[in-house]
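Here the structure comes first, spelled out in structure tokens, and everything after it is commentary.
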Amino acid sequence: MILMFAVLLLGAGAAGLWLVHRFWPVKGLAYVEASKLRETPEIPAEAKMVDVRDAYFYEKCHVSGAINISIGRLPFLWNKELSPDEPVVILSDSLHQGRKAARLLKSRGFQEIYAVRGKFCA
């Protein structure tokens, strides 16, 4: 009985930790409204746009000039197209996906990261 209670307590703790990690803000991540993506002065002109959606959705609709590296491939391919010295704008379908990509890039040394909030494809 005590063992079963300990297992339940550990499982609840892991689930709670997962929830905290999922919704915890990423330090240094700035959000940009999709409607103001091209006209906002906060984003440097040399910033690279990375669309982390799957290729199917990227082909259906994408922002001109964006690089497509899906969220699953980002840990392995980021260094082929991106440099930690450059500012990066993350395009995604959800805030969770954007935060996940931002955490990954932050752990790779990126300092200037922006994520688009809202729908950028109509």
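How things are named: the first chain in the structure tokens is A, the next is B, and so on; residues count from 1 in each chain; ligands count from 1 in the order shown.
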I want to know what sits within 12 Å of Lys80 of chain A, based on only C-alpha atoms, with residues of the same chain fewer than 4 positions away left out; could you give that as a ChimeraX atom specification? /A:67-69,73-76,84
If we count only C-alpha atoms and set the cut-off at 10 Å, which residues sit around Pro87 of chain A, ignoring sequence neighbours fewer than 2 positions away in its own chain? Please answer as a JSON list (two decimals) with all heavy atoms, in the first residue's frame.
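Writing done, so here's part.json:
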[["chain", "number", "residue", "atom", "x", "y", "z"],
["A", 43, "ILE", "N", 12.16, 43.87, -34.44],
["A", 43, "ILE", "CA", 12.87, 42.77, -35.09],
["A", 43, "ILE", "C", 13.90, 43.34, -36.05],
["A", 43, "ILE", "O", 13.55, 44.09, -36.96],
["A", 43, "ILE", "CB", 11.90, 41.85, -35.86],
["A", 43, "ILE", "CG1", 10.90, 41.24, -34.90],
["A", 43, "ILE", "CG2", 12.67, 40.76, -36.58],
["A", 43, "ILE", "CD1", 9.86, 40.39, -35.58],
["A", 44, "PRO", "N", 15.17, 42.99, -35.87],
["A", 44, "PRO", "CA", 16.20, 43.49, -36.79],
["A", 44, "PRO", "C", 15.97, 42.97, -38.21],
["A", 44, "PRO", "O", 15.45, 41.87, -38.41],
["A", 44, "PRO", "CB", 17.49, 42.91, -36.22],
["A", 44, "PRO", "CG", 17.17, 42.49, -34.83],
["A", 44, "PRO", "CD", 15.71, 42.20, -34.79],
["A", 45, "ALA", "N", 16.37, 43.75, -39.18],
["A", 45, "ALA", "CA", 16.17, 43.37, -40.59],
["A", 45, "ALA", "C", 16.92, 42.11, -40.96],
["A", 45, "ALA", "O", 16.49, 41.36, -41.83],
["A", 45, "ALA", "CB", 16.61, 44.53, -41.49],
["A", 46, "GLU", "N", 18.05, 41.83, -40.28],
["A", 46, "GLU", "CA", 18.85, 40.65, -40.62],
["A", 46, "GLU", "C", 18.38, 39.37, -39.91],
["A", 46, "GLU", "O", 19.00, 38.32, -40.05],
["A", 46, "GLU", "CB", 20.33, 40.89, -40.30],
["A", 46, "GLU", "CG", 20.66, 40.98, -38.82],
["A", 46, "GLU", "CD", 20.49, 42.38, -38.23],
["A", 46, "GLU", "OE1", 20.05, 43.30, -38.94],
["A", 46, "GLU", "OE2", 20.80, 42.55, -37.05],
["A", 47, "ALA", "N", 17.27, 39.46, -39.18],
["A", 47, "ALA", "CA", 16.75, 38.29, -38.46],
["A", 47, "ALA", "C", 16.32, 37.21, -39.45],
["A", 47, "ALA", "O", 15.72, 37.49, -40.48],
["A", 47, "ALA", "CB", 15.57, 38.70, -37.58],
["A", 48, "LYS", "N", 16.63, 35.96, -39.09],
["A", 48, "LYS", "CA", 16.20, 34.82, -39.91],
["A", 48, "LYS", "C", 14.88, 34.31, -39.36],
["A", 48, "LYS", "O", 14.69, 34.21, -38.15],
["A", 48, "LYS", "CB", 17.24, 33.71, -39.86],
["A", 48, "LYS", "CG", 18.48, 34.06, -40.63],
["A", 48, "LYS", "CD", 19.09, 32.81, -41.18],
["A", 48, "LYS", "CE", 20.27, 33.18, -42.05],
["A", 48, "LYS", "NZ", 21.02, 32.03, -42.46],
["A", 49, "MET", "N", 13.96, 34.00, -40.28],
["A", 49, "MET", "CA", 12.67, 33.44, -39.88],
["A", 49, "MET", "C", 12.71, 31.94, -40.06],
["A", 49, "MET", "O", 13.05, 31.45, -41.14],
["A", 49, "MET", "CB", 11.54, 34.05, -40.70],
["A", 49, "MET", "CG", 11.27, 35.49, -40.32],
["A", 49, "MET", "SD", 9.79, 36.15, -41.07],
["A", 49, "MET", "CE", 10.40, 36.49, -42.70],
["A", 82, "LEU", "N", 21.24, 28.25, -39.30],
["A", 82, "LEU", "CA", 21.18, 29.30, -38.28],
["A", 82, "LEU", "C", 22.51, 29.43, -37.53],
["A", 82, "LEU", "O", 23.26, 28.48, -37.43],
["A", 82, "LEU", "CB", 20.08, 29.00, -37.27],
["A", 82, "LEU", "CG", 18.69, 28.74, -37.83],
["A", 82, "LEU", "CD1", 17.76, 28.27, -36.73],
["A", 82, "LEU", "CD2", 18.15, 29.98, -38.49],
["A", 83, "SER", "N", 22.73, 30.61, -37.01],
["A", 83, "SER", "CA", 23.91, 30.88, -36.20],
["A", 83, "SER", "C", 23.46, 31.55, -34.90],
["A", 83, "SER", "O", 22.59, 32.43, -34.95],
["A", 83, "SER", "CB", 24.87, 31.78, -36.95],
["A", 83, "SER", "OG", 25.89, 32.25, -36.10],
["A", 84, "PRO", "N", 24.03, 31.18, -33.77],
["A", 84, "PRO", "CA", 23.64, 31.81, -32.50],
["A", 84, "PRO", "C", 23.89, 33.32, -32.46],
["A", 84, "PRO", "O", 23.33, 34.01, -31.63],
["A", 84, "PRO", "CB", 24.52, 31.10, -31.47],
["A", 84, "PRO", "CG", 24.89, 29.80, -32.08],
["A", 84, "PRO", "CD", 24.97, 30.06, -33.56],
["A", 85, "ASP", "N", 24.71, 33.82, -33.38],
["A", 85, "ASP", "CA", 24.99, 35.26, -33.43],
["A", 85, "ASP", "C", 23.86, 36.06, -34.08],
["A", 85, "ASP", "O", 23.83, 37.28, -33.96],
["A", 85, "ASP", "CB", 26.28, 35.51, -34.21],
["A", 85, "ASP", "CG", 27.46, 34.78, -33.61],
["A", 85, "ASP", "OD1", 27.45, 34.57, -32.38],
["A", 85, "ASP", "OD2", 28.37, 34.40, -34.36],
["A", 89, "VAL", "N", 13.47, 34.59, -35.68],
["A", 89, "VAL", "CA", 12.03, 34.71, -35.50],
["A", 89, "VAL", "C", 11.43, 33.33, -35.72],
["A", 89, "VAL", "O", 11.64, 32.72, -36.77],
["A", 89, "VAL", "CB", 11.40, 35.71, -36.49],
["A", 89, "VAL", "CG1", 9.90, 35.79, -36.30],
["A", 89, "VAL", "CG2", 12.04, 37.08, -36.36],
["A", 110, "PHE", "N", 21.59, 30.82, -28.56],
["A", 110, "PHE", "CA", 20.91, 31.96, -29.19],
["A", 110, "PHE", "C", 20.46, 32.93, -28.11],
["A", 110, "PHE", "O", 19.94, 32.53, -27.08],
["A", 110, "PHE", "CB", 19.71, 31.47, -30.00],
["A", 110, "PHE", "CG", 20.07, 30.80, -31.28],
["A", 110, "PHE", "CD1", 20.50, 29.48, -31.29],
["A", 110, "PHE", "CD2", 20.00, 31.47, -32.49],
["A", 110, "PHE", "CE1", 20.86, 28.86, -32.47],
["A", 110, "PHE", "CE2", 20.35, 30.86, -33.67],
["A", 110, "PHE", "CZ", 20.78, 29.54, -33.66],
["A", 111, "GLN", "N", 20.66, 34.21, -28.36],
["A", 111, "GLN", "CA", 20.31, 35.24, -27.39],
["A", 111, "GLN", "C", 19.09, 36.06, -27.81],
["A", 111, "GLN", "O", 18.29, 36.44, -26.97],
["A", 111, "GLN", "CB", 21.50, 36.19, -27.18],
["A", 111, "GLN", "CG", 22.71, 35.52, -26.59],
["A", 111, "GLN", "CD", 22.43, 34.93, -25.22],
["A", 111, "GLN", "OE1", 21.83, 35.57, -24.37],
["A", 111, "GLN", "NE2", 22.84, 33.69, -25.01],
["A", 112, "GLU", "N", 18.96, 36.33, -29.09],
["A", 112, "GLU", "CA", 17.89, 37.18, -29.59],
["A", 112, "GLU", "C", 16.87, 36.32, -30.32],
["A", 112, "GLU", "O", 17.05, 35.96, -31.48],
["A", 112, "GLU", "CB", 18.48, 38.25, -30.52],
["A", 112, "GLU", "CG", 17.61, 39.44, -30.67],
["A", 112, "GLU", "CD", 18.31, 40.59, -31.38],
["A", 112, "GLU", "OE1", 19.54, 40.54, -31.59],
["A", 112, "GLU", "OE2", 17.59, 41.53, -31.74],
["A", 113, "ILE", "N", 15.79, 35.97, -29.61],
["A", 113, "ILE", "CA", 14.77, 35.07, -30.15],
["A", 113, "ILE", "C", 13.40, 35.73, -30.05],
["A", 113, "ILE", "O", 13.04, 36.27, -29.00],
["A", 113, "ILE", "CB", 14.75, 33.72, -29.39],
["A", 113, "ILE", "CG1", 16.14, 33.09, -29.37],
["A", 113, "ILE", "CG2", 13.74, 32.77, -30.00],
["A", 113, "ILE", "CD1", 16.25, 31.89, -28.47],
["A", 114, "TYR", "N", 12.66, 35.68, -31.14],
["A", 114, "TYR", "CA", 11.30, 36.21, -31.21],
["A", 114, "TYR", "C", 10.37, 35.09, -31.65],
["A", 114, "TYR", "O", 10.77, 34.22, -32.42],
["A", 114, "TYR", "CB", 11.20, 37.35, -32.23],
["A", 114, "TYR", "CG", 12.16, 38.47, -31.97],
["A", 114, "TYR", "CD1", 13.44, 38.46, -32.52],
["A", 114, "TYR", "CD2", 11.80, 39.56, -31.19],
["A", 114, "TYR", "CE1", 14.35, 39.48, -32.29],
["A", 114, "TYR", "CE2", 12.69, 40.60, -30.95],
["A", 114, "TYR", "CZ", 13.96, 40.54, -31.50],
["A", 114, "TYR", "OH", 14.84, 41.56, -31.27]]
Based on DSSP run over this structure's backbone, return all residues of segment 69-102 of chain A in alpha helix (DSSP H), as a ChimeraX atom specification. /A:74-81,95-102
Include all heavy atoms and write out the residues we just selected as a tab-separated table (two decimals), in the first residue's frame.
chain	number	residue	atom	x	y	z
A	74	LEU	N	14.59	20.20	-35.77
A	74	LEU	CA	15.33	21.37	-35.29
A	74	LEU	C	16.56	21.02	-34.45
A	74	LEU	O	17.62	21.62	-34.65
A	74	LEU	CB	14.40	22.32	-34.54
A	74	LEU	CG	14.94	23.70	-34.21
A	74	LEU	CD1	15.34	24.46	-35.48
A	74	LEU	CD2	13.91	24.49	-33.42
A	75	PRO	N	16.48	20.05	-33.52
A	75	PRO	CA	17.68	19.74	-32.73
A	75	PRO	C	18.87	19.25	-33.56
A	75	PRO	O	20.01	19.35	-33.14
A	75	PRO	CB	17.22	18.63	-31.78
A	75	PRO	CG	15.75	18.71	-31.75
A	75	PRO	CD	15.33	19.28	-33.07
A	76	PHE	N	18.60	18.73	-34.75
A	76	PHE	CA	19.65	18.14	-35.56
A	76	PHE	C	20.10	19.03	-36.72
A	76	PHE	O	21.22	18.90	-37.19
A	76	PHE	CB	19.17	16.80	-36.12
A	76	PHE	CG	18.60	15.91	-35.06
A	76	PHE	CD1	17.23	15.74	-34.95
A	76	PHE	CD2	19.42	15.27	-34.14
A	76	PHE	CE1	16.69	14.94	-33.97
A	76	PHE	CE2	18.89	14.48	-33.15
A	76	PHE	CZ	17.52	14.30	-33.05
A	77	LEU	N	19.24	19.92	-37.19
A	77	LEU	CA	19.55	20.70	-38.39
A	77	LEU	C	19.72	22.20	-38.16
A	77	LEU	O	19.99	22.93	-39.11
A	77	LEU	CB	18.45	20.48	-39.44
A	77	LEU	CG	18.26	19.05	-39.92
A	77	LEU	CD1	17.09	18.98	-40.89
A	77	LEU	CD2	19.52	18.54	-40.57
A	78	TRP	N	19.55	22.67	-36.93
A	78	TRP	CA	19.59	24.12	-36.69
A	78	TRP	C	20.89	24.75	-37.16
A	78	TRP	O	20.89	25.83	-37.70
A	78	TRP	CB	19.35	24.43	-35.22
A	78	TRP	CG	20.47	24.00	-34.32
A	78	TRP	CD1	20.58	22.79	-33.70
A	78	TRP	CD2	21.63	24.74	-33.98
A	78	TRP	NE1	21.74	22.73	-32.98
A	78	TRP	CE2	22.42	23.93	-33.13
A	78	TRP	CE3	22.09	26.01	-34.29
A	78	TRP	CZ2	23.64	24.33	-32.60
A	78	TRP	CZ3	23.31	26.42	-33.76
A	78	TRP	CH2	24.07	25.60	-32.92
A	79	ASN	N	22.02	24.05	-36.99
A	79	ASN	CA	23.31	24.66	-37.31
A	79	ASN	C	23.62	24.72	-38.80
A	79	ASN	O	24.58	25.35	-39.20
A	79	ASN	CB	24.44	23.95	-36.57
A	79	ASN	CG	24.51	22.47	-36.87
A	79	ASN	OD1	23.62	21.92	-37.51
A	79	ASN	ND2	25.54	21.83	-36.41
A	80	LYS	N	22.80	24.10	-39.63
A	80	LYS	CA	23.01	24.19	-41.09
A	80	LYS	C	22.50	25.51	-41.65
A	80	LYS	O	22.99	25.99	-42.66
A	80	LYS	CB	22.32	23.03	-41.80
A	80	LYS	CG	22.97	21.70	-41.49
A	80	LYS	CD	22.37	20.60	-42.30
A	80	LYS	CE	22.89	19.28	-41.84
A	80	LYS	NZ	23.86	18.68	-42.64
A	81	GLU	N	21.50	26.10	-41.02
A	81	GLU	CA	20.88	27.33	-41.52
A	81	GLU	C	20.99	28.52	-40.57
A	81	GLU	O	20.83	29.65	-40.99
A	81	GLU	CB	19.39	27.08	-41.81
A	81	GLU	CG	19.11	26.02	-42.85
A	81	GLU	CD	19.30	26.53	-44.26
A	81	GLU	OE1	19.41	27.75	-44.46
A	81	GLU	OE2	19.33	25.69	-45.17
A	95	LEU	N	1.65	28.41	-29.40
A	95	LEU	CA	2.59	29.02	-28.47
A	95	LEU	C	3.50	27.95	-27.85
A	95	LEU	O	4.68	28.19	-27.62
A	95	LEU	CB	1.85	29.78	-27.38
A	95	LEU	CG	1.17	31.07	-27.81
A	95	LEU	CD1	0.40	31.69	-26.65
A	95	LEU	CD2	2.18	32.06	-28.36
A	96	HIS	N	2.93	26.77	-27.60
A	96	HIS	CA	3.73	25.68	-27.03
A	96	HIS	C	4.86	25.29	-27.98
A	96	HIS	O	6.00	25.14	-27.56
A	96	HIS	CB	2.85	24.46	-26.74
A	96	HIS	CG	3.64	23.23	-26.44
A	96	HIS	ND1	4.41	23.10	-25.32
A	96	HIS	CD2	3.79	22.09	-27.14
A	96	HIS	CE1	5.00	21.92	-25.34
A	96	HIS	NE2	4.64	21.29	-26.43
A	97	GLN	N	4.55	25.15	-29.24
A	97	GLN	CA	5.55	24.78	-30.24
A	97	GLN	C	6.61	25.88	-30.36
A	97	GLN	O	7.81	25.59	-30.45
A	97	GLN	CB	4.86	24.55	-31.59
A	97	GLN	CG	5.66	23.77	-32.58
A	97	GLN	CD	4.85	23.53	-33.85
A	97	GLN	OE1	4.21	24.45	-34.36
A	97	GLN	NE2	4.90	22.32	-34.35
A	98	GLY	N	6.20	27.12	-30.31
A	98	GLY	CA	7.14	28.23	-30.36
A	98	GLY	C	8.06	28.26	-29.15
A	98	GLY	O	9.27	28.49	-29.27
A	99	ARG	N	7.49	28.02	-27.95
A	99	ARG	CA	8.31	27.98	-26.74
A	99	ARG	C	9.28	26.82	-26.76
A	99	ARG	O	10.43	26.93	-26.33
A	99	ARG	CB	7.43	27.90	-25.49
A	99	ARG	CG	6.90	29.23	-25.06
A	99	ARG	CD	6.31	29.17	-23.66
A	99	ARG	NE	5.19	28.25	-23.56
A	99	ARG	CZ	3.92	28.59	-23.67
A	99	ARG	NH1	3.61	29.85	-23.90
A	99	ARG	NH2	2.97	27.71	-23.54
A	100	LYS	N	8.84	25.69	-27.28
A	100	LYS	CA	9.70	24.51	-27.37
A	100	LYS	C	10.90	24.80	-28.28
A	100	LYS	O	12.04	24.49	-27.94
A	100	LYS	CB	8.90	23.33	-27.91
A	100	LYS	CG	9.62	22.02	-27.91
A	100	LYS	CD	8.69	20.90	-28.35
A	100	LYS	CE	9.38	19.58	-28.36
A	100	LYS	NZ	8.49	18.50	-28.76
A	101	ALA	N	10.65	25.42	-29.42
A	101	ALA	CA	11.73	25.78	-30.34
A	101	ALA	C	12.65	26.82	-29.70
A	101	ALA	O	13.87	26.73	-29.83
A	101	ALA	CB	11.15	26.31	-31.65
A	102	ALA	N	12.07	27.78	-28.99
A	102	ALA	CA	12.87	28.82	-28.33
A	102	ALA	C	13.77	28.22	-27.25
A	102	ALA	O	14.94	28.60	-27.14
A	102	ALA	CB	11.96	29.88	-27.72
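Using only C-alpha atoms, the nearest neighbour of Ser70 of chain A within the list A:Ala55, A:Leu104, A:Val116, A:Leu37 is A:Ala55.
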